[in-house]
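K.L.:
Structure provided below as structure tokens; questions to follow.
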Amino acid sequence: MENKLKLEIVTPYGLVVSEDVDEVLCTGSEGEFGVLPGHADFVTTLKIGMLTSKKGNETKIYFVNWGYAEVGTDKITVLADSAERSEDIDVERAKAAMKRAEERLRKNAESDFNKAEAALERAATRIQVAQLKIPK
Ligand code: ATP
């Protein structure tokens with residue numbers, strides 16, 4: 001259907017959202033990109049970051065942990081390792097995860113370095129996304 005864009009965010013933990021929106025902004029591996037209805041088909045990778053959807057004057061913000069975005073004329077499907085809506089983020093949990101990751105990085109165990117760095121980035125980004133004010 002014209003002027004419709006269905007956003008779906010799917011993770012191994014479940015479906016985070018499935019709804020019609022006007023516009024989606026994603027954090028792609030190569031930088032931010034926006035998707036409007038009628039967009040040409042493409043598939044791209046996403047990095048740890050934020051996804052924003054707009055519908056009328058309603059804006060929703062999500063944390064997205066890696067994954068892929070598959071864009072079609074009337075649909076964008078995001079397959080991510082994990083994702084949450086900003087208001088569902090438990091900031092205390094993210095702070096605890098950040099502390100654990102920092103501790104692991106301090107110990108500097110080489111085998112664990114990349115995992116700890118990714119955990120730190122997830123936690124720091126969750127904290128940022130949770131604290132964003134949604135424009136009215
Ligand atoms: P933690 O060490 O706290 O589990 P993590 O970064 O390892 O954090 P993930 O593997 O990304 O967690 O996600 C596991 C599940 O927990 C997913 O369902 C994700 O949505 C949820 N989750 C992780 N951290 C948070 C958080 N701070 N607030 C809400 N949900 C979270």
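Residue numbering restarts at 1 in every chain; chains get A, B, ... in the order shown in the structure tokens, and ligands count up from 1 in that same order.
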When you look at A:Leu105 with a cut-off of 7 Å (counting only C-alpha atoms), what residues show up, excluding the ones that are within fewer than 4 positions of it in the same chain? I need them as a count of residues only.

P.N.:
3

K.L.:
May I have the residues within 7 Å of ligand 1, computed using only C-alpha atoms and all ligand atoms, as an MDAnalysis selection string?

P.N.:
chainID A and resid 13 65 81:84 88:94 97 119 122:123 126

K.L.:
How about saving the chosen residues, N, CA and C atoms kept, as an mmCIF file, in the first residue's frame?

P.N.:
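Generated file (selection.cif):
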```
data_model
loop_
_atom_site.group_PDB
_atom_site.id
_atom_site.type_symbol
_atom_site.label_atom_id
_atom_site.label_comp_id
_atom_site.auth_asym_id
_atom_site.auth_seq_id
_atom_site.Cartn_x
_atom_site.Cartn_y
_atom_site.Cartn_z
ATOM 1 N N TYR A 13 15.000 -13.106 21.142
ATOM 2 C CA TYR A 13 14.210 -13.047 22.380
ATOM 3 C C TYR A 13 12.738 -12.751 22.093
ATOM 4 N N ASN A 65 21.044 -3.885 18.888
ATOM 5 C CA ASN A 65 22.343 -4.516 19.084
ATOM 6 C C ASN A 65 22.731 -5.300 17.828
ATOM 7 N N ASP A 81 20.534 -8.883 17.299
ATOM 8 C CA ASP A 81 20.897 -9.810 18.373
ATOM 9 C C ASP A 81 20.055 -9.541 19.618
ATOM 10 N N SER A 82 19.772 -8.276 19.877
ATOM 11 C CA SER A 82 18.835 -7.888 20.935
ATOM 12 C C SER A 82 18.385 -6.457 20.642
ATOM 13 N N ALA A 83 17.272 -6.064 21.203
ATOM 14 C CA ALA A 83 16.741 -4.713 20.979
ATOM 15 C C ALA A 83 15.690 -4.434 22.046
ATOM 16 N N GLU A 84 15.593 -3.175 22.427
ATOM 17 C CA GLU A 84 14.547 -2.774 23.366
ATOM 18 C C GLU A 84 14.068 -1.367 23.032
ATOM 19 N N ASP A 88 11.861 0.766 27.856
ATOM 20 C CA ASP A 88 11.969 -0.568 28.470
ATOM 21 C C ASP A 88 13.391 -0.861 28.950
ATOM 22 N N ILE A 89 14.301 0.066 28.708
ATOM 23 C CA ILE A 89 15.691 -0.172 29.116
ATOM 24 C C ILE A 89 15.830 0.013 30.621
ATOM 25 N N ASP A 90 16.409 -0.983 31.247
ATOM 26 C CA ASP A 90 16.688 -0.933 32.678
ATOM 27 C C ASP A 90 18.089 -0.313 32.832
ATOM 28 N N VAL A 91 18.110 0.947 33.220
ATOM 29 C CA VAL A 91 19.386 1.681 33.264
ATOM 30 C C VAL A 91 20.322 1.112 34.324
ATOM 31 N N GLU A 92 19.752 0.679 35.447
ATOM 32 C CA GLU A 92 20.608 0.102 36.508
ATOM 33 C C GLU A 92 21.281 -1.169 36.006
ATOM 34 N N ARG A 93 20.529 -1.966 35.264
ATOM 35 C CA ARG A 93 21.106 -3.196 34.689
ATOM 36 C C ARG A 93 22.228 -2.848 33.710
ATOM 37 N N ALA A 94 22.000 -1.831 32.883
ATOM 38 C CA ALA A 94 23.031 -1.427 31.915
ATOM 39 C C ALA A 94 24.267 -0.894 32.644
ATOM 40 N N ALA A 97 26.144 -3.835 33.885
ATOM 41 C CA ALA A 97 26.818 -4.509 32.757
ATOM 42 C C ALA A 97 28.069 -3.722 32.358
ATOM 43 N N ALA A 119 30.354 -5.610 25.041
ATOM 44 C CA ALA A 119 29.430 -5.498 26.187
ATOM 45 C C ALA A 119 29.416 -4.058 26.704
ATOM 46 N N ARG A 122 27.420 -1.932 24.240
ATOM 47 C CA ARG A 122 25.970 -2.155 24.412
ATOM 48 C C ARG A 122 25.462 -1.384 25.623
ATOM 49 N N ALA A 123 26.186 -1.517 26.739
ATOM 50 C CA ALA A 123 25.731 -0.883 27.979
ATOM 51 C C ALA A 123 25.730 0.639 27.840
ATOM 52 N N ARG A 126 22.914 1.703 25.563
ATOM 53 C CA ARG A 126 21.604 1.574 26.232
ATOM 54 C C ARG A 126 21.368 2.766 27.167
#
```

K.L.:
In Å, with one decimal, what is the gap from atom CA of A:Lys75 to atom CA of A:Thr45?

P.N.:
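Computed distance, atom CA of A:Lys75 to atom CA of A:Thr45, equals 16.1 Å.
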
K.L.:
Looking at A:Ile48, A:Ala69, A:Ala80, A:Ile61, which one is nearest to A:Ala130, with distances taken over only C-alpha atoms?

P.N.:
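Distance minimum relative to A:Ala130 lands on A:Ile61.
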
K.L.:
Once you count only C-alpha atoms, what closest atom pair and distance in Å to one decimal does each residue of stretch 53-79 of chain A within 9 Å of stretch 35-44 of chain A have, with rows by chain and rising residue number, as a Markdown table?

P.N.:
```
| residue | atom | partner | partner_atom | distance |
| --- | --- | --- | --- | --- |
| A:Gly67 | CA | A:Thr44 | CA | 8.7 |
| A:Tyr68 | CA | A:Thr44 | CA | 5.7 |
| A:Ala69 | CA | A:Thr44 | CA | 5.4 |
| A:Glu70 | CA | A:Val43 | CA | 4.5 |
| A:Val71 | CA | A:Asp41 | CA | 5.2 |
| A:Gly72 | CA | A:Asp41 | CA | 4.4 |
| A:Thr73 | CA | A:Gly38 | CA | 4.2 |
| A:Asp74 | CA | A:Pro37 | CA | 5.4 |
| A:Lys75 | CA | A:Pro37 | CA | 7.7 |
| A:Ile76 | CA | A:Val35 | CA | 8.0 |
```

K.L.:
Once you have the residues from the selection above, write them out as a short mmCIF file (atom, residue, chain, number, x, y, z; two decimals), in the first residue's frame, restricted to N, CA and C atoms.

P.N.:
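This is the output file selection33.cif:
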```cif
data_model
loop_
_atom_site.label_atom_id
_atom_site.label_comp_id
_atom_site.auth_asym_id
_atom_site.auth_seq_id
_atom_site.Cartn_x
_atom_site.Cartn_y
_atom_site.Cartn_z
N GLY A 67 23.04 -6.46 13.79
CA GLY A 67 21.99 -7.07 12.98
C GLY A 67 21.96 -6.60 11.54
N TYR A 68 20.81 -6.87 10.93
CA TYR A 68 20.58 -6.55 9.52
C TYR A 68 19.29 -5.78 9.39
N ALA A 69 19.24 -4.92 8.38
CA ALA A 69 17.97 -4.29 8.03
C ALA A 69 17.67 -4.68 6.59
N GLU A 70 16.47 -5.18 6.38
CA GLU A 70 16.05 -5.52 5.03
C GLU A 70 14.93 -4.54 4.66
N VAL A 71 15.21 -3.73 3.64
CA VAL A 71 14.27 -2.67 3.27
C VAL A 71 13.56 -3.04 1.97
N GLY A 72 12.25 -2.91 1.97
CA GLY A 72 11.46 -3.08 0.74
C GLY A 72 10.59 -1.86 0.57
N THR A 73 9.79 -1.80 -0.49
CA THR A 73 8.99 -0.60 -0.74
C THR A 73 8.07 -0.23 0.41
N ASP A 74 7.51 -1.26 1.08
CA ASP A 74 6.53 -0.95 2.13
C ASP A 74 6.87 -1.60 3.47
N LYS A 75 8.16 -2.02 3.61
CA LYS A 75 8.50 -2.74 4.84
C LYS A 75 9.97 -2.59 5.18
N ILE A 76 10.26 -2.46 6.46
CA ILE A 76 11.65 -2.58 6.92
C ILE A 76 11.67 -3.60 8.06
#
```

K.L.:
Which of stretch 7-90 of chain A end up as strand (DSSP E) when DSSP is run on this backbone - answer as a ChimeraX atom specification?

P.N.:
/A:7-11,14-21,23-28,31-35,42-45,49-55,58-65,68-72,75-79,82-85

K.L.:
With distances taken over only C-alpha atoms, which of A:Asn114, A:Thr52, A:Thr77, A:Gln131 is nearest to A:Glu23?

P.N.:
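Distance minimum relative to A:Glu23 lands on A:Thr52.
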
K.L.:
Please determine, counting only C-alpha atoms, which residue among A:Leu15, A:Leu46, A:Val21, A:Ala96 has the shortest atom-to-atom distance to A:Asn3.

P.N.:
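Of A:Leu15, A:Leu46, A:Val21, A:Ala96, the one nearest A:Asn3 is A:Val21, counting only C-alpha atoms.
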
K.L.:
Return as a VMD selection string the full set of residues in chain A whose backbone-based DSSP assignment is helix (DSSP H, G or I).

P.N.:
chain A and resid 86 to 88 91 to 107 110 to 131

K.L.:
If you measure from atom CA of A:Lys6 to atom CA of A:Gly49, what distance in Å do you get, rounded to one decimal?

P.N.:
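Taking atom CA of A:Lys6 and atom CA of A:Gly49, their separation equals 20.2 Å.
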
K.L.:
Closest to A:Met50 among A:Leu79, A:Ser86, A:Asp20, A:Asp112, using only C-alpha atoms?

P.N.:
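When distances to A:Met50 are compared using only C-alpha atoms, the smallest one comes from A:Ser86.
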
K.L.:
Interatomic distance between atom CA of A:Gln128 and atom CA of A:Phe63?

P.N.:
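Pair atom CA of A:Gln128 / atom CA of A:Phe63 returns 9.2 Å.
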
K.L.:
Check the smallest atom-to-atom distance from each of A:Arg104, A:Val10, A:Thr125, A:Lys4 to A:Lys47 using only C-alpha atoms, then report the winner.

P.N.:
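Checking each candidate against A:Lys47, we get A:Thr125 as the closest.
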
K.L.:
Neighbours of A:Ala124 within 8 Å (only C-alpha atoms; same-chain residues fewer than 3 positions away dropped), as a PDB file with N, CA, C and O atoms, in the first residue's frame?

P.N.:
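The result, stored in part37.pdb:
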```pdb
ATOM      1  N   ALA A  94      22.000  -1.831  32.883  1.00  0.00           N
ATOM      2  CA  ALA A  94      23.031  -1.427  31.915  1.00  0.00           C
ATOM      3  C   ALA A  94      24.267  -0.894  32.644  1.00  0.00           C
ATOM      4  O   ALA A  94      25.404  -1.159  32.225  1.00  0.00           O
ATOM      5  N   LYS A  95      24.040  -0.162  33.737  1.00  0.00           N
ATOM      6  CA  LYS A  95      25.190   0.368  34.509  1.00  0.00           C
ATOM      7  C   LYS A  95      25.997  -0.781  35.100  1.00  0.00           C
ATOM      8  O   LYS A  95      27.229  -0.752  35.123  1.00  0.00           O
ATOM      9  N   MET A  98      27.952  -2.393  32.420  1.00  0.00           N
ATOM     10  CA  MET A  98      29.076  -1.526  32.063  1.00  0.00           C
ATOM     11  C   MET A  98      30.243  -1.734  33.039  1.00  0.00           C
ATOM     12  O   MET A  98      31.399  -1.861  32.637  1.00  0.00           O
ATOM     13  N   LEU A 120      30.595  -3.433  26.706  1.00  0.00           N
ATOM     14  CA  LEU A 120      30.705  -2.042  27.162  1.00  0.00           C
ATOM     15  C   LEU A 120      29.933  -1.115  26.215  1.00  0.00           C
ATOM     16  O   LEU A 120      29.206  -0.219  26.654  1.00  0.00           O
ATOM     17  N   GLU A 121      30.070  -1.363  24.915  1.00  0.00           N
ATOM     18  CA  GLU A 121      29.378  -0.518  23.933  1.00  0.00           C
ATOM     19  C   GLU A 121      27.860  -0.690  24.037  1.00  0.00           C
ATOM     20  O   GLU A 121      27.113   0.292  23.952  1.00  0.00           O
ATOM     21  N   ILE A 127      22.393   3.135  27.910  1.00  0.00           N
ATOM     22  CA  ILE A 127      22.242   4.252  28.857  1.00  0.00           C
ATOM     23  C   ILE A 127      21.916   5.544  28.086  1.00  0.00           C
ATOM     24  O   ILE A 127      21.006   6.280  28.455  1.00  0.00           O
ATOM     25  N   GLN A 128      22.638   5.765  26.988  1.00  0.00           N
ATOM     26  CA  GLN A 128      22.378   6.969  26.161  1.00  0.00           C
ATOM     27  C   GLN A 128      20.953   6.965  25.619  1.00  0.00           C
ATOM     28  O   GLN A 128      20.245   7.963  25.693  1.00  0.00           O
TER      29      GLN A 128
END
```

K.L.:
Rank A:Leu51, A:Leu132, A:Ala118, A:Val78 by their smallest atom-to-atom distance to A:Val24, using only C-alpha atoms, and report the top residue only.

P.N.:
A:Leu51
